[in-house]
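Novice: Following this message is one structure expressed as structure tokens.
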There are 2 protein chains.
Amino acid sequence: MYQEYQRDPNWVIDDYPNLTLEQIRERTMRKVRGTADKLLSESRSIFMLRMSVISVIDPGFWTRFGVHMGLFFGALQGQATPSQFSYWVQKGALTLKKFIGCFSMTELGHGSNVAGIETTATFDADKDQFIIHTPTLTATKWWIGGAAHSATHSAVYARLIVNGKDYGVKTFIVQLRDPETYELMAGVNIGDIGKKMGRDQIDNGWIQFTNVRIPRSNMLMKHTKVSSTGVVTEPPMAQLAYGALITGRVTMVADSANIAKKALTIALRYAAIRRQFSSGPPGTPETKLLDYPIHQHRLLPLLSQTFAMNFAARRLNDQFEQLNKQLESSKLGDDIKGVLTQLKETHATSAGLKSYCTWTTLNIIDQCRQSLGGHGYSAYTGLSTMYQDFAVHCTWEGDNTILMLQCGRYLVNAAKGFTKGATLPENLMFLNKAGTKEEWSKCTSTEPNVVCSIATLNEGWATVAASAIFRAYREFEKHLKTSNNIDEAYEKCSASRLHAARMHITAYLMHCISEAVSGGNVEQELVKPLTLMATLYGVSMAIQYSGEFLQSGYFNSAQINILRTRLDQICGEVRKVAILLVDSFGYTDYVINSPFGRYDGNIYETYYNLVTRLNPQKPIPYFETVIKPLLNRSLEFEEGPQLEIDMEK
Amino acid sequence: MYQEYQRDPNWVIDDYPNLTLEQIRERTMRKVRGTADKLLSESRSIFMLRMSVISVIDPGFWTRFGVHMGLFFGALQGQATPSQFSYWVQKGALTLKKFIGCFSMTELGHGSNVAGIETTATFDADKDQFIIHTPTLTATKWWIGGAAHSATHSAVYARLIVNGKDYGVKTFIVQLRDPETYELMAGVNIGDIGKKMGRDQIDNGWIQFTNVRIPRSNMLMKHTKVSSTGVVTEPPMAQLAYGALITGRVTMVADSANIAKKALTIALRYAAIRRQFSSGPPGTPETKLLDYPIHQHRLLPLLSQTFAMNFAARRLNDQFEQLNKQLESSKLGDDIKGVLTQLKETHATSAGLKSYCTWTTLNIIDQCRQSLGGHGYSAYTGLSTMYQDFAVHCTWEGDNTILMLQCGRYLVNAAKGFTKGATLPENLMFLNKAGTKEEWSKCTSTEPNVVCSIATLNEGWATVAASAIFRAYREFEKHLKTSNNIDEAYEKCSASRLHAARMHITAYLMHCISEAVSGGNVEQELVKPLTLMATLYGVSMAIQYSGEFLQSGYFNSAQINILRTRLDQICGEVRKVAILLVDSFGYTDYVINSPFGRYDGNIYETYYNLVTRLNPQKPIPYFETVIKPLLNRSLEFEEGPQLEIDMEK
């Protein structure tokens with residue numbers, strides 16, 4: 001796949017910084033055709049792999065294609081009845097024959113709270129139609145990817161109104177443009193949202209509907225149904241629809257790991273080439289950045305975070321696929337309590353992981369960028385644009401803070417259930433160790449090899465997570481006594497709740513990376529480097545959150561100092577294999593798309609050639625009109641006419 | 001000043017996201033003339049104020065003008081002899097008459113380590129000239145602001161070579177272009193560095209010199225001198241030249257506070273308007289973001305950091321002006337030991353503060369951006385471009401990590417001196433409390449009002465800083481025993497050294513903000529809000545670094561929990577005055593340049609109008625060429641000719 005893209009003129013990516021918004025969007029659209037053809041000819045698993053490759057090569061294109069395939073087509077898959085689904089497929093929704101879809105959920109005044117959406121879909125029984133309408137400015141559909149230039153149709157989220165009653169937000173298919181001319185349909189008003197921080201490849205737009213009529217059958221009715229006489233049937237198990245929300249998050253956890261790998265490949269390869277300052281006597285060659293302990297401290301813990309995210313992404317993916325199988329095989333009337341428990345757990349873990357991993361990677365990118373010194377500020381070294389493209393991950397598909405709080409709410413609930421004797425799901429089994437009296441386990445050793453062992457760190461992180469979860473739970477119980485309702489109590493303990501989720505997910509990552517070492521099928525030669533990564537992750541994160549370890553009592557002050565000493569040592573050990581570890585990610589120079597991440601280390605020449613090729617020497621365009629008048633202006637103070645009053649004097 | 005710029009057509013700033021690199025640069029150059037005229041007509045103090053206003057309105061222009069005024073002209077002021085200085089002023093260096101300067105220090109392969117620069121200035125005694133030469137690709141001058149489009153002359157850093165001997169890096173004035181035509185001078189090769197993460201207003205370029213000859217008198221000789229016969233005289237007190245380095249840092253600490261104010265005005269005004277989710281019964285209006293405890297926790301501690309930076313900037317500025325007076329009045333032969341001590345202290349503190357404050361503000365901008373939800377990703381809401389413009393502050397004028405380590409080295413040295421009985425400079429007096437036996441002070445109270453008082457927090461932060469400094473010092477002493485030289489020992493303890501500097505500067509900020517409350521001349525009505533800010537700063541930072549407080553023993557676990565409870569309360573109290581606090585920054589809507597930061601709260605309409613004005617509706621430019629062929633392509637599988645071998649069958 002790397003070869004396919006590297007050789008395709010539509011997939012040139014190294015000149016992006018010098019293209020205008022319109023040039024970027026046009027080139028992006030040119031790539032749709034080839035990708036659509038692959039979609040039709042490849043197996044699902046190969047195509048999913050292709051999409052994950054694309055998300056590393058060109059995240060903006062991935063979004064543009066994903067809006068149709070992931071969001072619009074995903075809405076059909078998740079919310080259409082079988083006959084509706086086959087109707088839209090026949091209309092071209094899969095082949096992109098005279099059809100491109102977009103997904104109109106968010107509004108100018110409404111983002112995370114989908115239930116607050118203002119757009120209405122009012123049923124007109126006489127005509128068997130819905131009237132889609134944007135009642136206010138804040139109800140304008142906003143941020144709609146693909147709306148500005150691409151889409152013929154949209155899945156529109158709107159309030160279902162039947163006989164004056166509001167049934168909440170449902171999904172409706174609305175045609176936006178004539179596929180022959182791309183003229184807007186009557187009543188549809190669309191504009192371009194313009195420049196964003198990154199991902200200019202995707203043409204986000206705004207949409208206003210003014211009394212647009214659609215057939216009743218354009219409402220997706222897999223769950224809620226509206227009959228021709230206006231009878232509304234609500235689904236028996238609304239929660240089962242949530243499964244679809246998780247897909248995006250699972251993808252984004254994997255994407256976080258993949259993009260972090262790209263960033264670290266650039267930063268570490270550069271650090272192995274760049275020399276700066278000499279620590280020996282005069283005349284000694286300058287020292288490589290990577291040989292400085294401080295540079296190791298800056299980058300190597302980030303490498304361990306990347307490995308931890310990598311294994312967490314795999315585990316989450318397995319869990320999600322297992323859940324999907326259960327969901328597909330379970331029928332109405334089955335005892336689906338077990339499935340629902342699993343669904344809630346996966347929902348909470350995926351929410352926490354999505355937030356945690358996207359935040360972690362955003363930080364990794366910026367730390368890597370800063371580690372390049374001044375060159376990190378160039379658009380051609382890859383990390384500034386990577387940051388700008390990646391940043392949106394922390395907001396879309398659920399704002400990170402809100403998702404983290406949802407995870408925290410689940411954890412507080414679990415602690416509550418646990419104290420009342422409920423059985424815990426597998427990922428929370430560690431709470432068992434906490435005991436009902438909340439006596440936390442302690443590390444009693446003073447032996448560095450024991451204190452810094454993966455087993456000790458794993459238990460320590462589980463203890464810290466349990467302690468943070470129970471602290472949030474106690475706070476919640478305290479606030480419940482003085483609150484009007486349960487939601488208010490949850491809001492009041494939100495800082496502790498968010499912190500509990502953060503500690504839980506850190507412990508989860510620690511668990512995943514240590515499982516990768518101890519798992520039965522790990523190749524022998526990988527044990528040592530993976531052990532280094534797991535230890536580095538556990539130690540560096542424990543130092544970062546030393547207050548938690550001291551407060552829970554798992555480690556004492558002397559043990560924290562042992563961790564600090566070990567961190568210095570382990571950074572030195574990892575330095576020796578750091579380049580091999582990033583080589584193991586297997587990205588080609590084309591994929592890395594940065595002179596600083598080149599495999600052959602020829603960074604300066606490549607960088608110079610790229611910059612001069614994209615910015616050829618030419619006359620200064622505004623010399624005659626601006627610079628020359630400035631440099632030749634008169635500095636004499638201009639005197640006005642002499643006044644008679646002065647002459648009379 | 002705000003009015004002057006708001007009414008000047010050259011100073012339109014709200015359409016920046018839609019301009020090309022060339023349009024931005026041209027508009028920027030148009031602003032130079034008016035600013036240069038002000039420079040000639042205004043007092044220095046008023047003009048400095050103007051520059052700080054400009055740095056908030058248009059940071060990129062501030063850089064373009066600052067390259068000439070701050071860097072080039074600053075080099076003349078700091079390094080030219082009186083006759084050299086008046087020569088270049090006569091040539092137009094102050095008036096910009098046929099003269100624009102730039103500053104050529106960094107090279108493609110050499111950034112922070114100025115001593116490693118490769119460009120040579122070889123003395124030719126026969127012709128009384130220097131030959132400026134770029135010997136290698138990595139010696140190419142790189143990142144030179146103003147080189148691509150603006151400068152006629154440059155202050156070039158190059159190695160002074162006389163009779164084959166290398167005297168280290170000195171500064172030489174080299175003409176780059178003919179001011180009448182802007183043709184490059186013979187032997188000078190210049191190119192454009194192109195697109196950056198931000199600050200596209202400044203035309204960074206690269207320069208290669210090939211045996212360019214300049215008169216001997218073009219070497220700036222205030223310090224080192226070269227006679228016509230090639231006798232080199234080194235200055236007696238090289239350290240006194242460092243004063244100039246500090247100026248940029250002092251400015252950047254103030255700029256950090258000023259930009260943080262701008263970011264928080266946007267985020268907090270938006271949070272007071274935007275409603276999301278309803279916590280009451282159905283039908284209740286959605287809750288304002290700012291009324292959510294979690295949103296308060298996200299933003300209000302950042303507000304307290306901004307106040308702390310504000311007062312630290314003032315204190316640093318005072319200290320710097322005092323130092324400058326001492327430097328100016330001290331003459332060779334004076335006992336300047338006191339001045340040198342003061343210089344070293346200011347150097348270290350300004351280095352630490354520059355790093356700490358620019359990192360803090362970069363984080364504040366991104367947290368504010370994320371707090372806008374999806375709208376934070378739009379280029380028109382101001383925070384994404386603010387981030388991109390500001391990010392370079394963490395690298396230029398000394399990479400933050402390196403500066404932080406310099407500050408740490410100074411602190412380790414101070415601890416060493418202290419244990420040997422040396423007197424401490426004023427900013428380090430708190431180490432006295434540590435005692436030679438390193439017995440840290442403890443907070444013994446369990447009374448929340450005492451634990452969370454400014455006095456307790458101030459003492460606590462001083463204790464934590466002292467404890468971190470002595471830990472780094474002990475580590476340094478330990479490594480010294482196994483190192484080849486002192487530098488190696490410093491490198492080995494670099495993680496602790498950096499941490500010590502971070503704790504020291506946090507304590508310094510705590511000190512500055514509490515001084516602002518307790519200082520004699522604070523107006524009575526300001527005491528309460530400033531007390532809130534100081535307490536919030538001390539409490540929130542102590543929770544963030546709770547491990548330090550627990551390890552030093554200043555607070556115990558129960559006291560940390562008291563801080564947590566107080567943080568919840570104080571966030572609620574600050575919420576009530578949060579909008580008044582940002583109003584007090586006094587930025588007009590023009591300066592804020594974001595629909596989300598509008599004083600009148602009319603965010604949605606302003607945002608919609610701006611987006612639609614800058615992105616008017618128009619036909620899709622690539623519909624006929626790209627979209628139509630895609631939507632109408634044939635999906636039939638194309639069969640090749642039928643083979644005889646099959647027909648024979």
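A note on labels: chains of the structure tokens are A, B, ... as shown, every chain counts residues from 1, and ligands are counted from 1 in their shown order.
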Excluding Gly374 in chain A and residues on its chain fewer than 5 positions from it, collect all residues at most 8 Å away from it, counting only C-alpha atoms, and give them as a list in words.

Specialist: Gly111, Trp143, Val392, Thr395 and Trp396 of chain B

Novice: Taking the DSSP assignment computed from this structure's backbone, write out as a count of residues only all residues of range 191-364 of chain B that belong to helix (DSSP H, G or I).

Specialist: 105

Novice: Write out as an MDAnalysis selection string which residues come within 10 Å of Asp128 in chain A when counting only C-alpha atoms, dropping same-chain ones fewer than 2 positions away.

Specialist: chainID A and resid 123:126 130 213:217 227:230

Novice: Find the residues near Ile469 in chain A: any atom within 12 Å, counting only C-alpha atoms, skip ones fewer than 6 places away on the same chain, and give them as a count of residues only.

Specialist: 36

Novice: Got a sec: who's within 10 Å of Val226 in chain B, counting only C-alpha atoms, leaving out chain neighbours fewer than 5 positions off, as a PyMOL selection string?

Specialist: chain B and resi 123+160+162+216-217+219-221+231-234

Novice: How would the residues just chosen look if you wrote them out with C-alpha atoms as a short mmCIF file (atom, residue, chain, number, x, y, z; two decimals), in the first residue's frame?

Specialist:
```
data_model
loop_
_atom_site.label_atom_id
_atom_site.label_comp_id
_atom_site.auth_asym_id
_atom_site.auth_seq_id
_atom_site.Cartn_x
_atom_site.Cartn_y
_atom_site.Cartn_z
CA PHE B 123 41.08 38.82 8.20
CA LEU B 160 36.91 35.61 13.66
CA VAL B 162 43.21 36.12 12.17
CA ARG B 216 37.66 45.76 8.72
CA SER B 217 35.61 48.51 10.35
CA MET B 219 33.30 44.24 12.58
CA LEU B 220 31.53 45.55 15.69
CA MET B 221 34.38 46.34 18.05
CA VAL B 231 46.39 42.39 16.60
CA VAL B 232 43.35 41.05 18.44
CA THR B 233 42.43 42.60 21.79
CA GLU B 234 39.96 40.61 23.90
#
```

Novice: Could you tell me how far CA of Leu340 in chain A sits from CA of Leu76 in chain A, in Å to one decimal place?

Specialist: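 Atom-to-atom, CA of Leu76 in chain A and CA of Leu340 in chain A are spaced 22.9 Å apart.
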
Novice: Report as a count of residues only all protein, DNA and RNA residues lying within 9 Å of Arg30 in chain B, evaluated on only C-alpha atoms, omitting residues in the same chain fewer than 2 positions from it.

Specialist: 11

Novice: Name the residues of range 123-207 of chain B that fall into strand (DSSP E) according to DSSP on the backbone, using the chain letters and numbers of this document, as an NGL selection string.

Specialist: :B and (123-124 or 129-133 or 141-144 or 153-162 or 165-175 or 188-192 or 205-207)

Novice: Take the residues just selected and output them with N, CA, C and O atoms as a compact mmCIF listing (two decimals), in the first residue's frame.

Specialist:
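The new file result_24.txt reads:
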```
# COMPACT_ATOMS: atom_id res chain seq x y z
N PHE B 123 40.47 37.50 8.38
CA PHE B 123 41.08 38.82 8.20
C PHE B 123 42.14 38.78 7.10
O PHE B 123 43.00 37.90 7.08
N ASP B 124 42.03 39.73 6.18
CA ASP B 124 43.04 39.90 5.13
C ASP B 124 43.74 41.23 5.40
O ASP B 124 43.23 42.29 5.04
N GLN B 129 40.57 43.98 5.17
CA GLN B 129 39.19 43.52 5.00
C GLN B 129 38.97 42.18 5.72
O GLN B 129 39.93 41.45 6.01
N PHE B 130 37.70 41.87 5.96
CA PHE B 130 37.33 40.52 6.36
C PHE B 130 36.68 39.82 5.17
O PHE B 130 35.98 40.47 4.37
N ILE B 131 36.89 38.50 5.09
CA ILE B 131 36.20 37.71 4.06
C ILE B 131 35.16 36.84 4.77
O ILE B 131 35.51 35.97 5.57
N ILE B 132 33.91 37.14 4.49
CA ILE B 132 32.82 36.38 5.12
C ILE B 132 32.49 35.20 4.22
O ILE B 132 32.23 35.37 3.03
N HIS B 133 32.44 34.00 4.82
CA HIS B 133 32.30 32.80 3.99
C HIS B 133 31.48 31.71 4.69
O HIS B 133 31.63 31.46 5.88
N LYS B 141 23.20 30.28 6.85
CA LYS B 141 22.40 31.02 7.82
C LYS B 141 20.94 30.65 7.60
O LYS B 141 20.46 30.69 6.46
N TRP B 142 20.22 30.31 8.65
CA TRP B 142 18.89 29.71 8.51
C TRP B 142 17.94 30.35 9.50
O TRP B 142 18.36 30.68 10.60
N TRP B 143 16.71 30.54 9.13
CA TRP B 143 15.68 31.16 9.99
C TRP B 143 15.85 32.67 10.07
O TRP B 143 15.21 33.29 10.94
N ILE B 144 16.67 33.28 9.21
CA ILE B 144 16.97 34.69 9.38
C ILE B 144 15.75 35.55 9.03
O ILE B 144 15.39 35.69 7.86
N HIS B 153 20.89 45.04 4.91
CA HIS B 153 22.11 44.75 5.64
C HIS B 153 21.83 43.69 6.70
O HIS B 153 20.69 43.49 7.10
N SER B 154 22.91 43.06 7.18
CA SER B 154 22.73 42.10 8.25
C SER B 154 23.87 42.17 9.25
O SER B 154 25.01 42.43 8.88
N ALA B 155 23.51 41.92 10.52
CA ALA B 155 24.55 41.68 11.54
C ALA B 155 24.81 40.18 11.50
O ALA B 155 23.93 39.39 11.81
N VAL B 156 26.03 39.82 11.06
CA VAL B 156 26.33 38.41 10.82
C VAL B 156 27.26 37.87 11.91
O VAL B 156 28.32 38.45 12.16
N TYR B 157 26.85 36.79 12.53
CA TYR B 157 27.71 36.11 13.50
C TYR B 157 28.64 35.17 12.74
O TYR B 157 28.19 34.35 11.96
N ALA B 158 29.94 35.34 12.96
CA ALA B 158 30.91 34.50 12.26
C ALA B 158 32.16 34.34 13.12
O ALA B 158 32.42 35.16 14.01
N ARG B 159 32.91 33.29 12.83
CA ARG B 159 34.15 33.03 13.59
C ARG B 159 35.22 33.99 13.10
O ARG B 159 35.54 34.03 11.90
N LEU B 160 35.81 34.70 14.01
CA LEU B 160 36.91 35.61 13.66
C LEU B 160 38.20 34.78 13.51
O LEU B 160 38.65 34.15 14.46
N ILE B 161 38.75 34.82 12.29
CA ILE B 161 40.00 34.09 12.03
C ILE B 161 41.08 35.11 11.66
O ILE B 161 40.94 35.83 10.66
N VAL B 162 42.12 35.20 12.47
CA VAL B 162 43.21 36.12 12.17
C VAL B 162 44.51 35.33 12.19
O VAL B 162 44.81 34.66 13.19
N LYS B 165 44.37 31.84 13.33
CA LYS B 165 43.88 31.53 14.66
C LYS B 165 42.38 31.87 14.79
O LYS B 165 41.92 32.90 14.31
N ASP B 166 41.63 30.97 15.44
CA ASP B 166 40.18 31.13 15.61
C ASP B 166 39.91 31.82 16.94
O ASP B 166 40.19 31.27 18.00
N TYR B 167 39.36 33.04 16.89
CA TYR B 167 39.07 33.79 18.11
C TYR B 167 37.60 33.67 18.57
O TYR B 167 37.16 34.43 19.42
N GLY B 168 36.89 32.76 17.98
CA GLY B 168 35.50 32.59 18.38
C GLY B 168 34.56 33.50 17.61
O GLY B 168 34.97 34.22 16.70
N VAL B 169 33.28 33.47 18.00
CA VAL B 169 32.23 34.10 17.21
C VAL B 169 32.09 35.59 17.55
O VAL B 169 31.95 35.95 18.72
N LYS B 170 32.18 36.44 16.52
CA LYS B 170 32.00 37.89 16.66
C LYS B 170 30.94 38.35 15.64
O LYS B 170 30.46 37.56 14.85
N THR B 171 30.64 39.67 15.66
CA THR B 171 29.56 40.18 14.82
C THR B 171 30.08 41.15 13.76
O THR B 171 30.88 42.04 14.08
N PHE B 172 29.60 40.98 12.53
CA PHE B 172 30.07 41.76 11.38
C PHE B 172 28.86 42.29 10.60
O PHE B 172 27.88 41.57 10.41
N ILE B 173 28.95 43.55 10.14
CA ILE B 173 27.86 44.10 9.34
C ILE B 173 28.16 43.82 7.86
O ILE B 173 29.22 44.20 7.35
N VAL B 174 27.24 43.15 7.20
CA VAL B 174 27.42 42.79 5.80
C VAL B 174 26.23 43.31 5.00
O VAL B 174 25.07 43.10 5.38
N GLN B 175 26.54 44.00 3.89
CA GLN B 175 25.44 44.46 3.03
C GLN B 175 24.92 43.29 2.19
O GLN B 175 25.71 42.52 1.62
N VAL B 188 26.52 37.01 -2.34
CA VAL B 188 25.44 36.77 -1.37
C VAL B 188 24.32 35.98 -2.05
O VAL B 188 23.84 36.38 -3.12
N ASN B 189 23.94 34.87 -1.48
CA ASN B 189 22.86 34.05 -2.03
C ASN B 189 21.78 33.92 -0.96
O ASN B 189 22.05 33.53 0.17
N ILE B 190 20.54 34.29 -1.32
CA ILE B 190 19.46 34.32 -0.33
C ILE B 190 18.23 33.61 -0.86
O ILE B 190 17.89 33.73 -2.04
N GLY B 191 17.59 32.84 0.00
CA GLY B 191 16.33 32.21 -0.38
C GLY B 191 15.30 32.32 0.74
O GLY B 191 15.62 32.72 1.86
N ASP B 192 14.09 31.94 0.39
CA ASP B 192 12.94 32.04 1.28
C ASP B 192 12.77 30.71 2.01
O ASP B 192 12.83 29.65 1.39
N GLY B 205 14.42 33.69 6.04
CA GLY B 205 15.14 33.22 4.87
C GLY B 205 16.44 32.53 5.24
O GLY B 205 16.76 32.39 6.42
N TRP B 206 17.12 32.07 4.21
CA TRP B 206 18.46 31.51 4.43
C TRP B 206 19.46 32.35 3.63
O TRP B 206 19.08 32.99 2.63
N ILE B 207 20.70 32.39 4.08
CA ILE B 207 21.75 33.19 3.43
C ILE B 207 23.04 32.37 3.33
O ILE B 207 23.44 31.73 4.31
```

Novice: For range 35-40 of chain B, find every residue with an atom within 9 Å (counting only C-alpha atoms), except residues of its own chain fewer than 3 positions away, and show them as a PDB file with C-alpha atoms, in the first residue's frame.

Specialist:
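Output (result.pdb):
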```pdb
ATOM      1  CA  LEU A 635      11.700  62.603   6.566  1.00  0.00           C
TER       2      LEU A 635
ATOM      3  CA  LYS B  31       2.667  48.681   8.258  1.00  0.00           C
ATOM      4  CA  VAL B  32       6.384  49.307   8.672  1.00  0.00           C
ATOM      5  CA  SER B  43       9.506  58.961  23.484  1.00  0.00           C
ATOM      6  CA  ARG B  44      11.210  55.634  24.115  1.00  0.00           C
ATOM      7  CA  PHE B  47       7.189  53.514  21.827  1.00  0.00           C
ATOM      8  CA  PHE B  65       9.617  45.172  13.004  1.00  0.00           C
ATOM      9  CA  LEU B  94      17.435  54.271  12.689  1.00  0.00           C
ATOM     10  CA  THR B  95      15.299  56.026  10.091  1.00  0.00           C
ATOM     11  CA  LEU B  96      15.017  53.082   7.674  1.00  0.00           C
TER      12      LEU B  96
END
```

Novice: For chain A, which of B:Gln6, B:Gln524, B:Gln617, B:Ser104 is the closest residue, counting only C-alpha atoms?

Specialist: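 Nearest to chain A: B:Gln617.
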
Novice: Select, from A:Arg50, A:Lys442, A:Arg275, A:Arg177, the residue with the minimum atom-to-atom distance to Gly116 in chain B, counting only C-alpha atoms.

Specialist: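 Once distances to Gly116 in chain B are computed over only C-alpha atoms, the minimum belongs to A:Arg275.
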
Novice: How many Å separate CA of Thr456 in chain A from CA of Gly553 in chain A?

Specialist: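 Separation between CA of Thr456 in chain A and CA of Gly553 in chain A: 13.5 Å.
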
Novice: Pick the closest to chain B from A:Thr287, A:Thr349, A:Gln569, A:Ser378: which is it, counting only C-alpha atoms?

Specialist: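 Looking at the shortest contact to chain B, the residue is A:Ser378.
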